>>> print(open('coords08.cif').read())   # mmCIF, C-alpha atoms and all ligand atoms
data_data
#
loop_
_atom_site.label_atom_id
_atom_site.label_comp_id
_atom_site.auth_asym_id
_atom_site.auth_seq_id
_atom_site.Cartn_x
_atom_site.Cartn_y
_atom_site.Cartn_z
CA MET A 1 -5.17 32.50 -27.24
CA THR A 2 -4.01 31.52 -30.72
CA GLU A 3 -6.02 28.81 -32.35
CA SER A 4 -4.55 26.22 -34.68
CA GLY A 5 -4.04 27.03 -38.38
CA PRO A 6 -5.90 25.69 -41.42
CA LEU A 7 -3.93 22.45 -41.79
CA ASP A 8 -4.55 21.38 -38.18
CA ASN A 9 -8.17 22.35 -38.69
CA MET A 10 -8.47 20.16 -41.81
CA LEU A 11 -6.75 17.19 -40.10
CA ALA A 12 -9.00 17.51 -37.04
CA GLN A 13 -12.07 17.58 -39.28
CA MET A 14 -10.89 14.31 -40.90
CA GLU A 15 -10.33 12.78 -37.48
CA ASP A 16 -13.91 13.61 -36.42
CA ALA A 17 -15.24 11.65 -39.40
CA ARG A 18 -12.93 8.66 -38.99
CA GLU A 19 -15.09 6.76 -36.49
CA TYR A 20 -18.02 6.74 -38.93
CA VAL A 21 -16.04 5.33 -41.86
CA ASP A 22 -14.55 1.90 -42.35
CA ILE A 23 -11.15 3.00 -43.56
CA ASP A 24 -7.85 1.13 -43.64
CA ASP A 25 -5.27 2.69 -41.25
CA GLY A 26 -2.57 2.81 -43.93
CA ILE A 27 -4.85 4.60 -46.39
CA TYR A 28 -5.97 7.03 -43.70
CA GLU A 29 -2.37 7.83 -42.87
CA ARG A 30 -1.63 8.44 -46.54
CA LEU A 31 -4.58 10.84 -46.77
CA GLN A 32 -3.18 13.01 -43.99
CA SER A 33 -0.35 14.47 -46.08
CA PRO A 34 -0.22 15.77 -49.64
CA GLU A 35 1.33 13.63 -52.39
CA ARG A 36 3.69 16.46 -53.32
CA THR A 37 4.26 20.19 -53.01
CA LEU A 38 6.45 22.25 -55.31
CA SER A 39 7.94 25.42 -53.91
CA VAL A 40 9.26 27.97 -56.41
CA SER A 41 11.08 31.31 -56.16
CA LEU A 42 10.01 33.71 -58.87
CA PRO A 43 12.24 36.61 -59.92
CA VAL A 44 10.13 39.33 -61.53
CA ARG A 45 11.28 42.56 -63.18
CA MET A 46 9.24 45.34 -61.58
CA ASP A 47 8.07 48.48 -63.41
CA ASP A 48 10.91 50.52 -61.90
CA GLY A 49 13.52 48.15 -63.37
CA THR A 50 14.44 46.37 -60.12
CA VAL A 51 14.05 42.61 -59.64
CA GLU A 52 11.89 41.25 -56.82
CA VAL A 53 11.69 37.58 -55.85
CA PHE A 54 8.33 36.06 -54.86
CA GLU A 55 7.75 32.73 -53.10
CA ALA A 56 5.02 30.46 -54.47
CA TYR A 57 3.67 26.92 -54.18
CA ARG A 58 1.59 24.28 -55.92
CA CYS A 59 0.39 21.47 -53.68
CA GLN A 60 -1.04 18.25 -55.16
CA PHE A 61 -2.89 16.56 -52.35
CA ASP A 62 -4.49 13.44 -53.79
CA SER A 63 -5.15 12.01 -57.28
CA ALA A 64 -6.75 8.63 -56.61
CA ARG A 65 -10.07 9.78 -58.13
CA GLY A 66 -8.66 11.73 -61.09
CA PRO A 67 -6.43 14.66 -62.07
CA TYR A 68 -5.57 17.16 -59.33
CA LYS A 69 -7.89 20.18 -59.38
CA GLY A 70 -7.90 23.47 -57.50
CA GLY A 71 -7.38 27.19 -57.64
CA ILE A 72 -4.44 29.55 -57.35
CA ARG A 73 -4.52 32.48 -54.90
CA TYR A 74 -2.48 35.66 -54.66
CA HIS A 75 -2.32 36.87 -51.05
CA PRO A 76 0.27 38.05 -48.50
CA THR A 77 -0.68 35.27 -46.05
CA VAL A 78 -0.15 32.37 -48.51
CA SER A 79 2.10 29.69 -46.99
CA GLN A 80 2.97 26.07 -47.67
CA GLU A 81 0.80 25.06 -44.74
CA GLU A 82 -2.15 27.02 -46.07
CA VAL A 83 -1.97 25.61 -49.61
CA SER A 84 -1.73 22.07 -48.15
CA ALA A 85 -4.93 22.59 -46.15
CA LEU A 86 -6.68 24.14 -49.15
CA ALA A 87 -5.52 21.29 -51.41
CA GLY A 88 -6.89 18.81 -48.86
CA TRP A 89 -10.23 20.63 -48.83
CA MET A 90 -10.29 20.47 -52.65
CA THR A 91 -9.80 16.69 -52.41
CA TRP A 92 -12.78 16.29 -50.05
CA LYS A 93 -14.86 18.77 -52.09
CA THR A 94 -14.43 17.03 -55.45
CA ALA A 95 -15.10 13.66 -53.78
CA LEU A 96 -18.24 14.93 -52.01
CA VAL A 97 -19.77 16.33 -55.21
CA ASP A 98 -18.51 13.24 -57.06
CA LEU A 99 -16.36 14.84 -59.75
CA PRO A 100 -13.63 12.67 -61.34
CA PHE A 101 -10.89 14.84 -59.81
CA GLY A 102 -8.43 14.87 -56.94
CA GLY A 103 -7.42 18.00 -55.05
CA ALA A 104 -4.70 20.66 -55.41
CA LYS A 105 -4.07 24.31 -54.60
CA GLY A 106 -1.49 26.91 -55.47
CA GLY A 107 -0.57 30.31 -54.21
CA ILE A 108 1.86 33.19 -54.58
CA VAL A 109 2.92 35.19 -51.51
CA CYS A 110 2.23 38.73 -52.72
CA ASN A 111 -0.05 41.68 -52.26
CA PRO A 112 -1.69 42.13 -55.68
CA LYS A 113 -3.08 45.52 -54.60
CA GLU A 114 0.48 46.87 -54.54
CA LEU A 115 1.38 45.48 -57.99
CA SER A 116 0.67 46.97 -61.42
CA ASP A 117 -1.14 44.94 -64.10
CA THR A 118 2.16 44.40 -65.93
CA GLU A 119 3.84 43.14 -62.75
CA ILE A 120 0.95 40.76 -62.05
CA GLU A 121 1.17 39.47 -65.64
CA GLN A 122 4.95 38.90 -65.33
CA LEU A 123 4.49 37.18 -61.96
CA THR A 124 1.72 34.96 -63.33
CA ARG A 125 3.74 33.93 -66.39
CA ARG A 126 6.84 33.23 -64.30
CA TYR A 127 4.76 31.16 -61.85
CA THR A 128 3.28 29.20 -64.76
CA GLU A 129 6.79 28.48 -66.05
CA GLY A 130 7.72 27.37 -62.52
CA ILE A 131 4.90 24.85 -62.21
CA ARG A 132 4.34 23.93 -65.89
CA ARG A 133 6.07 20.56 -65.59
CA MET A 134 3.56 19.46 -62.97
CA ILE A 135 0.30 20.83 -64.40
CA GLY A 136 -1.53 19.74 -67.56
CA PRO A 137 -5.03 18.92 -68.82
CA ASP A 138 -4.76 15.29 -67.64
CA THR A 139 -2.61 15.84 -64.55
CA ASP A 140 -3.43 19.03 -62.65
CA ILE A 141 -5.86 21.76 -63.73
CA PRO A 142 -5.62 25.15 -61.94
CA ALA A 143 -8.48 27.66 -61.62
CA PRO A 144 -9.16 31.07 -60.03
CA ASP A 145 -9.22 31.60 -56.27
CA MET A 146 -8.66 34.67 -54.09
CA ASN A 147 -7.40 37.66 -56.16
CA THR A 148 -7.15 35.70 -59.40
CA ASP A 149 -9.72 35.82 -62.21
CA PRO A 150 -10.36 34.95 -65.90
CA ARG A 151 -7.63 37.45 -66.93
CA THR A 152 -5.09 35.56 -64.78
CA MET A 153 -6.25 32.22 -66.21
CA ALA A 154 -5.76 33.56 -69.75
CA TRP A 155 -2.09 34.35 -68.96
CA ILE A 156 -1.58 30.86 -67.50
CA MET A 157 -3.25 29.24 -70.50
CA ASP A 158 -1.14 31.32 -72.90
CA THR A 159 2.18 30.71 -71.15
CA TYR A 160 1.57 26.95 -70.92
CA SER A 161 0.39 26.82 -74.55
CA VAL A 162 3.42 28.74 -75.88
CA TYR A 163 5.76 26.17 -74.28
CA GLN A 164 3.65 23.30 -75.69
CA GLY A 165 3.59 24.87 -79.15
CA TYR A 166 -0.21 24.76 -79.52
CA ALA A 167 -3.27 26.07 -77.67
CA VAL A 168 -4.21 24.00 -74.61
CA PRO A 169 -7.36 25.63 -73.23
CA GLU A 170 -8.19 22.68 -70.95
CA VAL A 171 -5.06 23.20 -68.81
CA VAL A 172 -6.97 25.75 -66.69
CA THR A 173 -10.62 26.49 -65.95
CA GLY A 174 -12.26 29.83 -65.24
CA LYS A 175 -10.94 31.29 -68.52
CA PRO A 176 -12.55 34.13 -70.47
CA THR A 177 -15.25 32.69 -72.76
CA GLU A 178 -13.34 33.93 -75.83
CA ILE A 179 -10.62 31.34 -75.21
CA GLY A 180 -12.67 28.38 -74.02
CA GLY A 181 -14.18 29.53 -70.73
CA THR A 182 -17.74 28.46 -70.05
CA ASP A 183 -20.68 30.77 -69.50
CA GLY A 184 -21.63 30.72 -65.82
CA ARG A 185 -18.18 29.97 -64.34
CA VAL A 186 -17.53 33.43 -62.85
CA GLU A 187 -20.70 33.36 -60.79
CA ALA A 188 -20.73 29.59 -60.16
CA THR A 189 -19.44 29.58 -56.57
CA GLY A 190 -21.92 32.27 -55.47
CA ARG A 191 -24.74 30.53 -57.34
CA GLY A 192 -23.94 27.28 -55.52
CA VAL A 193 -23.90 29.11 -52.17
CA ALA A 194 -27.31 30.68 -52.91
CA ILE A 195 -28.78 27.29 -53.91
CA ILE A 196 -27.40 25.61 -50.77
CA THR A 197 -28.62 28.46 -48.53
CA GLU A 198 -32.12 28.11 -49.97
CA GLU A 199 -32.03 24.31 -49.53
CA THR A 200 -30.81 24.75 -45.94
CA PHE A 201 -33.68 27.08 -45.07
CA GLU A 202 -36.10 24.56 -46.57
CA TYR A 203 -34.57 21.73 -44.53
CA PHE A 204 -35.01 23.74 -41.33
CA ASP A 205 -38.59 24.63 -42.33
CA THR A 206 -37.91 28.29 -42.91
CA ASP A 207 -38.14 30.27 -46.10
CA VAL A 208 -35.45 32.14 -47.98
CA ARG A 209 -38.07 34.85 -48.67
CA ASN A 210 -37.71 37.58 -46.06
CA ALA A 211 -34.90 35.71 -44.29
CA ASP A 212 -32.23 38.07 -42.89
CA VAL A 213 -28.78 37.27 -44.21
CA ALA A 214 -25.34 38.74 -43.34
CA ILE A 215 -22.43 38.18 -45.72
CA GLN A 216 -18.80 38.67 -44.66
CA GLY A 217 -16.69 39.35 -47.76
CA PHE A 218 -17.82 41.11 -50.93
CA GLY A 219 -15.45 39.73 -53.55
CA ASN A 220 -16.61 37.50 -56.41
CA VAL A 221 -18.23 34.91 -54.12
CA GLY A 222 -19.83 37.25 -51.56
CA SER A 223 -21.20 39.73 -54.10
CA VAL A 224 -22.75 37.07 -56.38
CA THR A 225 -24.24 35.30 -53.34
CA ALA A 226 -25.76 38.62 -52.19
CA ARG A 227 -27.28 39.31 -55.61
CA LEU A 228 -28.75 35.83 -56.05
CA LEU A 229 -30.15 35.64 -52.50
CA ASP A 230 -31.67 39.10 -52.98
CA GLU A 231 -33.27 37.85 -56.21
CA ARG A 232 -34.69 34.90 -54.27
CA GLY A 233 -36.37 37.31 -51.84
CA ALA A 234 -33.94 37.29 -48.89
CA ASN A 235 -33.10 40.49 -46.98
CA VAL A 236 -29.37 40.97 -47.25
CA VAL A 237 -29.01 43.13 -44.11
CA ALA A 238 -25.21 43.38 -43.92
CA VAL A 239 -22.14 42.94 -46.13
CA SER A 240 -18.48 43.70 -45.52
CA ASP A 241 -15.06 43.87 -47.12
CA VAL A 242 -11.59 44.86 -45.91
CA THR A 243 -12.72 48.49 -45.68
CA GLY A 244 -15.55 47.75 -43.21
CA ALA A 245 -19.13 46.55 -42.95
CA ILE A 246 -22.46 48.18 -43.87
CA TYR A 247 -25.78 47.36 -42.22
CA ASP A 248 -29.45 48.12 -42.79
CA PRO A 249 -31.89 46.12 -40.63
CA ASP A 250 -34.59 46.55 -43.34
CA GLY A 251 -32.32 45.02 -45.99
CA LEU A 252 -29.72 46.68 -48.20
CA ASP A 253 -30.49 47.67 -51.79
CA VAL A 254 -28.12 45.04 -53.20
CA ASP A 255 -28.18 46.31 -56.80
CA ASP A 256 -27.30 49.78 -55.58
CA VAL A 257 -24.43 48.42 -53.44
CA LEU A 258 -23.13 46.43 -56.45
CA ASP A 259 -23.26 49.53 -58.69
CA TYR A 260 -21.48 51.57 -56.02
CA VAL A 261 -18.70 49.00 -55.60
CA ALA A 262 -18.26 48.68 -59.38
CA GLY A 263 -17.60 52.42 -59.56
CA ASN A 264 -15.49 52.59 -56.39
CA ASP A 265 -12.50 50.41 -57.29
CA GLY A 266 -14.25 47.30 -55.92
CA ARG A 267 -14.60 48.75 -52.40
CA LEU A 268 -17.58 49.28 -50.09
CA GLU A 269 -15.85 52.19 -48.35
CA GLY A 270 -17.98 55.34 -48.31
CA TYR A 271 -21.31 53.64 -49.13
CA ASP A 272 -24.20 55.51 -47.57
CA ALA A 273 -25.62 53.05 -44.99
CA GLY A 274 -25.19 52.25 -41.30
CA SER A 275 -21.61 51.27 -40.63
CA ILE A 276 -20.66 48.47 -38.22
CA SER A 277 -17.44 46.57 -37.50
CA ASN A 278 -16.63 43.21 -39.08
CA ASP A 279 -16.96 41.63 -35.64
CA ASP A 280 -20.46 43.14 -35.26
CA LEU A 281 -21.43 41.64 -38.62
CA LEU A 282 -20.31 38.15 -37.55
CA THR A 283 -22.42 38.33 -34.40
CA LEU A 284 -25.63 39.85 -35.88
CA ASP A 285 -28.91 38.18 -34.99
CA VAL A 286 -29.76 36.95 -38.51
CA ASP A 287 -31.29 33.84 -40.07
CA ALA A 288 -28.05 33.00 -41.88
CA LEU A 289 -24.45 34.15 -41.61
CA ILE A 290 -22.36 33.58 -44.74
CA PRO A 291 -18.59 33.99 -44.30
CA ALA A 292 -17.26 34.51 -47.86
CA ALA A 293 -13.68 35.72 -47.39
CA ILE A 294 -10.73 33.96 -45.78
CA GLU A 295 -9.93 31.22 -43.26
CA ASP A 296 -10.30 31.35 -39.50
CA VAL A 297 -12.65 34.35 -39.16
CA ILE A 298 -15.10 32.51 -36.89
CA THR A 299 -12.91 31.89 -33.85
CA ALA A 300 -14.07 30.30 -30.58
CA ASP A 301 -14.61 33.80 -29.18
CA VAL A 302 -16.80 34.83 -32.13
CA ALA A 303 -18.63 31.48 -31.96
CA GLU A 304 -19.58 32.13 -28.29
CA ARG A 305 -21.28 35.38 -29.34
CA LEU A 306 -22.66 34.32 -32.73
CA GLU A 307 -26.45 34.87 -33.01
CA ALA A 308 -27.21 33.52 -36.50
CA ASP A 309 -29.54 30.51 -36.79
CA VAL A 310 -27.25 28.84 -39.32
CA VAL A 311 -23.78 29.40 -40.82
CA VAL A 312 -23.24 28.67 -44.53
CA GLU A 313 -19.51 28.54 -45.33
CA ALA A 314 -18.88 30.20 -48.70
CA ALA A 315 -15.15 30.66 -47.93
CA ASN A 316 -12.76 27.76 -47.49
CA GLY A 317 -12.07 27.04 -43.81
CA PRO A 318 -13.73 30.13 -42.24
CA THR A 319 -14.54 28.34 -38.96
CA THR A 320 -11.69 27.26 -36.67
CA PHE A 321 -11.88 23.81 -35.13
CA ASP A 322 -12.46 25.24 -31.64
CA ALA A 323 -15.19 27.50 -33.00
CA ALA A 324 -16.86 24.52 -34.69
CA ASN A 325 -16.98 22.75 -31.31
CA VAL A 326 -18.56 25.79 -29.67
CA LEU A 327 -21.17 26.05 -32.44
CA GLU A 328 -21.93 22.33 -32.12
CA GLU A 329 -22.45 22.73 -28.37
CA ARG A 330 -24.68 25.74 -28.99
CA GLU A 331 -26.58 23.73 -31.62
CA ILE A 332 -25.96 26.25 -34.39
CA PRO A 333 -25.72 24.22 -37.61
CA VAL A 334 -22.85 24.88 -40.02
CA VAL A 335 -23.17 23.96 -43.70
CA PRO A 336 -19.55 23.08 -44.50
CA ASP A 337 -17.37 24.76 -47.13
CA ILE A 338 -16.73 21.54 -49.06
CA LEU A 339 -20.46 21.43 -49.82
CA ALA A 340 -21.56 25.09 -49.79
CA ASN A 341 -18.81 26.46 -52.06
CA ALA A 342 -18.52 23.49 -54.44
CA GLY A 343 -20.36 25.33 -57.25
CA GLY A 344 -17.09 26.78 -58.54
CA VAL A 345 -15.32 23.49 -59.06
CA ILE A 346 -18.48 21.87 -60.43
CA VAL A 347 -18.64 24.44 -63.23
CA SER A 348 -14.86 24.14 -63.66
CA TYR A 349 -15.49 20.47 -64.37
CA LEU A 350 -18.16 21.40 -66.93
CA GLU A 351 -15.71 23.81 -68.59
CA TRP A 352 -13.00 21.11 -68.74
CA VAL A 353 -15.45 18.60 -70.25
CA GLN A 354 -16.56 21.12 -72.89
CA ASN A 355 -12.91 21.93 -73.75
CA SER A 356 -12.06 18.24 -74.06
CA GLN A 357 -14.90 17.88 -76.57
CA GLN A 358 -14.26 21.20 -78.36
CA TYR A 359 -17.90 22.00 -77.68
CA SER A 360 -19.81 24.63 -75.75
CA TRP A 361 -23.06 24.47 -73.83
CA GLU A 362 -25.83 27.02 -73.34
CA LEU A 363 -25.84 28.85 -70.00
CA GLU A 364 -29.12 27.17 -69.02
CA GLU A 365 -27.51 23.75 -69.35
CA VAL A 366 -24.59 24.82 -67.12
CA HIS A 367 -27.02 26.19 -64.50
CA ARG A 368 -29.11 23.02 -64.61
CA ASP A 369 -26.11 20.71 -64.25
CA LEU A 370 -24.65 22.76 -61.36
CA GLU A 371 -27.95 22.75 -59.49
CA ALA A 372 -28.47 18.99 -60.00
CA ARG A 373 -24.97 18.10 -58.77
CA ILE A 374 -24.85 20.40 -55.75
CA THR A 375 -28.36 19.55 -54.52
CA SER A 376 -27.65 15.86 -54.88
CA ALA A 377 -24.51 16.26 -52.70
CA PHE A 378 -26.65 18.22 -50.20
CA ASP A 379 -29.23 15.40 -50.09
CA GLU A 380 -26.52 12.75 -49.66
CA THR A 381 -24.95 14.73 -46.82
CA LEU A 382 -28.30 15.04 -45.05
CA ALA A 383 -29.01 11.33 -45.56
CA ALA A 384 -25.67 10.40 -43.93
CA TYR A 385 -26.28 12.95 -41.14
CA GLU A 386 -29.68 11.48 -40.30
CA GLU A 387 -29.13 7.78 -40.96
CA LYS A 388 -25.80 7.46 -39.16
CA GLN A 389 -26.79 10.03 -36.50
CA ILE A 390 -23.63 12.01 -37.16
CA PRO A 391 -23.30 15.06 -34.88
CA THR A 392 -22.59 17.71 -37.55
CA LEU A 393 -23.21 18.31 -41.24
CA ARG A 394 -19.45 18.76 -41.73
CA THR A 395 -18.64 15.35 -40.31
CA ALA A 396 -21.42 13.83 -42.42
CA ALA A 397 -19.96 15.43 -45.57
CA TYR A 398 -16.47 14.17 -44.64
CA THR A 399 -17.68 10.58 -44.20
CA ILE A 400 -18.87 10.59 -47.83
CA ALA A 401 -15.68 12.26 -49.12
CA LEU A 402 -13.35 10.01 -47.13
CA GLU A 403 -15.23 6.85 -48.09
CA ARG A 404 -15.06 7.69 -51.81
CA THR A 405 -11.39 8.65 -51.72
CA ALA A 406 -10.34 5.68 -49.58
CA SER A 407 -12.28 3.31 -51.80
CA ALA A 408 -10.46 4.65 -54.90
CA HIS A 409 -7.13 3.99 -53.12
CA GLU A 410 -8.31 0.51 -52.15
CA TYR A 411 -9.15 -0.42 -55.75
CA ARG A 412 -6.03 1.10 -57.24
CA GLY A 413 -3.69 -0.43 -54.65
CA LEU A 414 -0.01 0.36 -54.24
CA PHE A 415 2.37 0.60 -57.17
CA PRO A 416 5.33 0.53 -57.57
N1 LIG B 1 -10.92 28.02 -56.02
C1 LIG B 1 -12.20 27.37 -56.07
C2 LIG B 1 -12.42 26.52 -54.82
O1 LIG B 1 -11.84 26.74 -53.80
C3 LIG B 1 -12.44 26.63 -57.37
C4 LIG B 1 -11.42 25.60 -57.73
C5 LIG B 1 -11.61 25.02 -59.15
O2 LIG B 1 -12.52 25.42 -59.84
O3 LIG B 1 -10.79 24.20 -59.51
O4 LIG B 1 -13.24 25.63 -54.81
#
>>> encode(input="coords08.cif", output="structure tokens", more="lines below")
Ligand code: GLU
Amino acid sequence: MTESGPLDNMLAQMEDAREYVDIDDGIYERLQSPERTLSVSLPVRMDDGTVEVFEAYRCQFDSARGPYKGGIRYHPTVSQEEVSALAGWMTWKTALVDLPFGGAKGGIVCNPKELSDTEIEQLTRRYTEGIRRMIGPDTDIPAPDMNTDPRTMAWIMDTYSVYQGYAVPEVVTGKPTEIGGTDGRVEATGRGVAIITEETFEYFDTDVRNADVAIQGFGNVGSVTARLLDERGANVVAVSDVTGAIYDPDGLDVDDVLDYVAGNDGRLEGYDAGSISNDDLLTLDVDALIPAAIEDVITADVAERLEADVVVEAANGPTTFDAANVLEEREIPVVPDILANAGGVIVSYLEWVQNSQQYSWELEEVHRDLEARITSAFDETLAAYEEKQIPTLRTAAYTIALERTASAHEYRGLFP
């Protein structure tokens, strides 16, 4: 059975929250589709001299609360539907953690593993040219997402700046620190996930120390989450990437795994530990399961067999709607993506603020601000969950996000 895709999932999540929010029907309808999506075809000269054309998108979902904000991903499965869902999730995320932003997302349909650095640079610059009329420091501010990083952001910043005729660092966040990036941005999403996981254990009267944790995905988010949870005393018993999963019931030596991956082209393949399948990892009997890769990995079938006490969503949209219903029935709590992975966009906001003031903060200040904002969103979500007796943490988080966004629309009204 095929389950619905990310956009249907996002719309169904909104619908679940609707009965708990006093929201005008017209505004609700408006919030179900993005404000605009630009689709671009990008001809790129490849290293062998041929020209290849790539399809790409930038979706601007909602801007009632401020400039559009959201990452750009490079992946073969990128589609217009996927960027719309991801742009919607950015809208609810920035509203939930109360940043003065709306939501957006972009993506290029490509397999970066098959492209050389020069080809990726050409593709990135051509994409920036394609979307440069719709982005800008006060309109829409991109950032890294899957398979994009500070290097990619530097090319976007440079291309945009060359057309403007002067340096515009605040047009993107997640830049290298040498050109206006902030300390702490690269690890911000993983740091937020680790903070939220610790808070979640506390809420359920357990302790992060000696808790068994399984992490699916070992890219930027998964690997930083593993390191920070290990530092907090958790047993990271399993991690995985596209090459497979490794497992040690006594807890992996996370520093050793990180060193190995750093010297092995970013891959876990060949690491000396018990090897299990990705499906086995998702159904391990652990205290917390942290999906940190792509959408729709926890399907209804996986949810039926899932043994973790709690799921903390580090990826965007890792749980299908059907799976979420199964987990609710089985009383396995899910800490939703729009809360758990908001650390990245929070520190993006801090970077943008510093750029706007031509000023830079100490790392400790960035850490402190991130922790204060994300824990306050966690507390607000729990308060809504308990006070309104909302069935899931996700629906509780959505009620806050929808209320804030709808209220901004209400005040601003319709024009023209
Ligand atoms: N791509 C990240 C996310 O999904 C960060 C977006 C940003 O910093 O704008 O939340």
>>> residues_around(input="coords08.cif", residues="Asp183 (chain A)", least_positions_apart="3", cutoff="10 Å", atoms="all atoms listed in the file", output="ChimeraX atom specification")
/A:174-177,180,186-188,347,351,360-367
>>> closest_atom_pairs(input="coords08.cif", of="region 331-362 of chain A", to="region 283-293 of chain A", cutoff="10 Å", atoms="all atoms listed in the file", output="tab-separated table")
residue	atom	partner	partner_atom	distance
A:Val334	CA	A:Leu289	CA	9.5
A:Val335	CA	A:Ile290	CA	9.7
A:Asp337	CA	A:Pro291	CA	9.7
A:Ala340	CA	A:Ile290	CA	9.9
A:Asn341	CA	A:Ala292	CA	9.2
>>> closest_residue(input="coords08.cif", among="A:Gly66, A:Gly251, A:Pro76, A:Gly192", to="Phe378 (chain A)", atoms="only C-alpha atoms")
A:Gly192
>>> residues_near_ligand(input="coords08.cif", ligand="ligand LIG 1 (chain B)", cutoff="8 Å", atoms="all atoms listed in the file", output="NGL selection string")
:A and (69-73 or 86 or 90 or 93 or 105 or 141-146 or 173-174 or 189 or 315-316 or 338 or 341-349)
>>> atom_distance(input="coords08.cif", atom1="CA of Trp92 (chain A)", atom2="CA of Glu35 (chain A)")
14.5 Å
>>> residues_around(input="coords08.cif", residues="region 194-202 of chain A", least_positions_apart="5", cutoff="7 Å", atoms="only C-alpha atoms", output="PyMOL selection string")
chain A and resi 207-208+225+228-229+312+340
>>> closest_residue(input="coords08.cif", among="A:Ile179, A:Ile294, A:Arg373, A:Ile120", to="Glu82 (chain A)", atoms="only C-alpha atoms")
A:Ile294
>>> closest_residue(input="coords08.cif", among="A:Ser33, A:Thr118, A:Asn235, A:Ser41", to="Ala87 (chain A)", atoms="only C-alpha atoms")
A:Ser33
>>> build_atoms(input="coords08.cif", residues="region 138-143 of chain A", atoms="all heavy atoms", output="PDB file, in the coordinates of the input")
ATOM      1  N   ASP A 138      -4.447  16.614 -68.208  1.00  0.00           N
ATOM      2  CA  ASP A 138      -4.760  15.290 -67.640  1.00  0.00           C
ATOM      3  C   ASP A 138      -4.085  15.065 -66.300  1.00  0.00           C
ATOM      4  O   ASP A 138      -4.201  13.981 -65.728  1.00  0.00           O
ATOM      5  CB  ASP A 138      -4.300  14.178 -68.607  1.00  0.00           C
ATOM      6  CG  ASP A 138      -5.002  14.287 -69.938  1.00  0.00           C
ATOM      7  OD1 ASP A 138      -6.233  14.488 -69.924  1.00  0.00           O
ATOM      8  OD2 ASP A 138      -4.318  14.211 -70.980  1.00  0.00           O
ATOM      9  N   THR A 139      -3.327  16.058 -65.808  1.00  0.00           N
ATOM     10  CA  THR A 139      -2.610  15.840 -64.550  1.00  0.00           C
ATOM     11  C   THR A 139      -3.074  16.773 -63.434  1.00  0.00           C
ATOM     12  O   THR A 139      -3.425  16.337 -62.344  1.00  0.00           O
ATOM     13  CB  THR A 139      -1.091  16.023 -64.745  1.00  0.00           C
ATOM     14  OG1 THR A 139      -0.873  17.239 -65.455  1.00  0.00           O
ATOM     15  CG2 THR A 139      -0.486  14.881 -65.501  1.00  0.00           C
ATOM     16  N   ASP A 140      -3.104  18.062 -63.706  1.00  0.00           N
ATOM     17  CA  ASP A 140      -3.430  19.030 -62.650  1.00  0.00           C
ATOM     18  C   ASP A 140      -3.948  20.291 -63.348  1.00  0.00           C
ATOM     19  O   ASP A 140      -3.248  20.883 -64.185  1.00  0.00           O
ATOM     20  CB  ASP A 140      -2.160  19.325 -61.843  1.00  0.00           C
ATOM     21  CG  ASP A 140      -2.393  20.330 -60.718  1.00  0.00           C
ATOM     22  OD1 ASP A 140      -3.505  20.877 -60.607  1.00  0.00           O
ATOM     23  OD2 ASP A 140      -1.442  20.564 -59.942  1.00  0.00           O
ATOM     24  N   ILE A 141      -5.170  20.673 -63.012  1.00  0.00           N
ATOM     25  CA  ILE A 141      -5.860  21.760 -63.730  1.00  0.00           C
ATOM     26  C   ILE A 141      -6.167  22.917 -62.770  1.00  0.00           C
ATOM     27  O   ILE A 141      -7.107  22.845 -61.989  1.00  0.00           O
ATOM     28  CB  ILE A 141      -7.174  21.230 -64.367  1.00  0.00           C
ATOM     29  CG1 ILE A 141      -6.887  20.006 -65.233  1.00  0.00           C
ATOM     30  CG2 ILE A 141      -7.875  22.311 -65.189  1.00  0.00           C
ATOM     31  CD1 ILE A 141      -7.588  18.748 -64.804  1.00  0.00           C
ATOM     32  N   PRO A 142      -5.359  23.999 -62.811  1.00  0.00           N
ATOM     33  CA  PRO A 142      -5.620  25.150 -61.940  1.00  0.00           C
ATOM     34  C   PRO A 142      -6.904  25.912 -62.321  1.00  0.00           C
ATOM     35  O   PRO A 142      -7.507  25.679 -63.374  1.00  0.00           O
ATOM     36  CB  PRO A 142      -4.392  26.042 -62.135  1.00  0.00           C
ATOM     37  CG  PRO A 142      -3.337  25.148 -62.681  1.00  0.00           C
ATOM     38  CD  PRO A 142      -4.087  24.140 -63.516  1.00  0.00           C
ATOM     39  N   ALA A 143      -7.255  26.854 -61.459  1.00  0.00           N
ATOM     40  CA  ALA A 143      -8.480  27.660 -61.620  1.00  0.00           C
ATOM     41  C   ALA A 143      -8.317  28.925 -60.775  1.00  0.00           C
ATOM     42  O   ALA A 143      -7.355  29.042 -60.023  1.00  0.00           O
ATOM     43  CB  ALA A 143      -9.688  26.861 -61.145  1.00  0.00           C
TER      44      ALA A 143
END
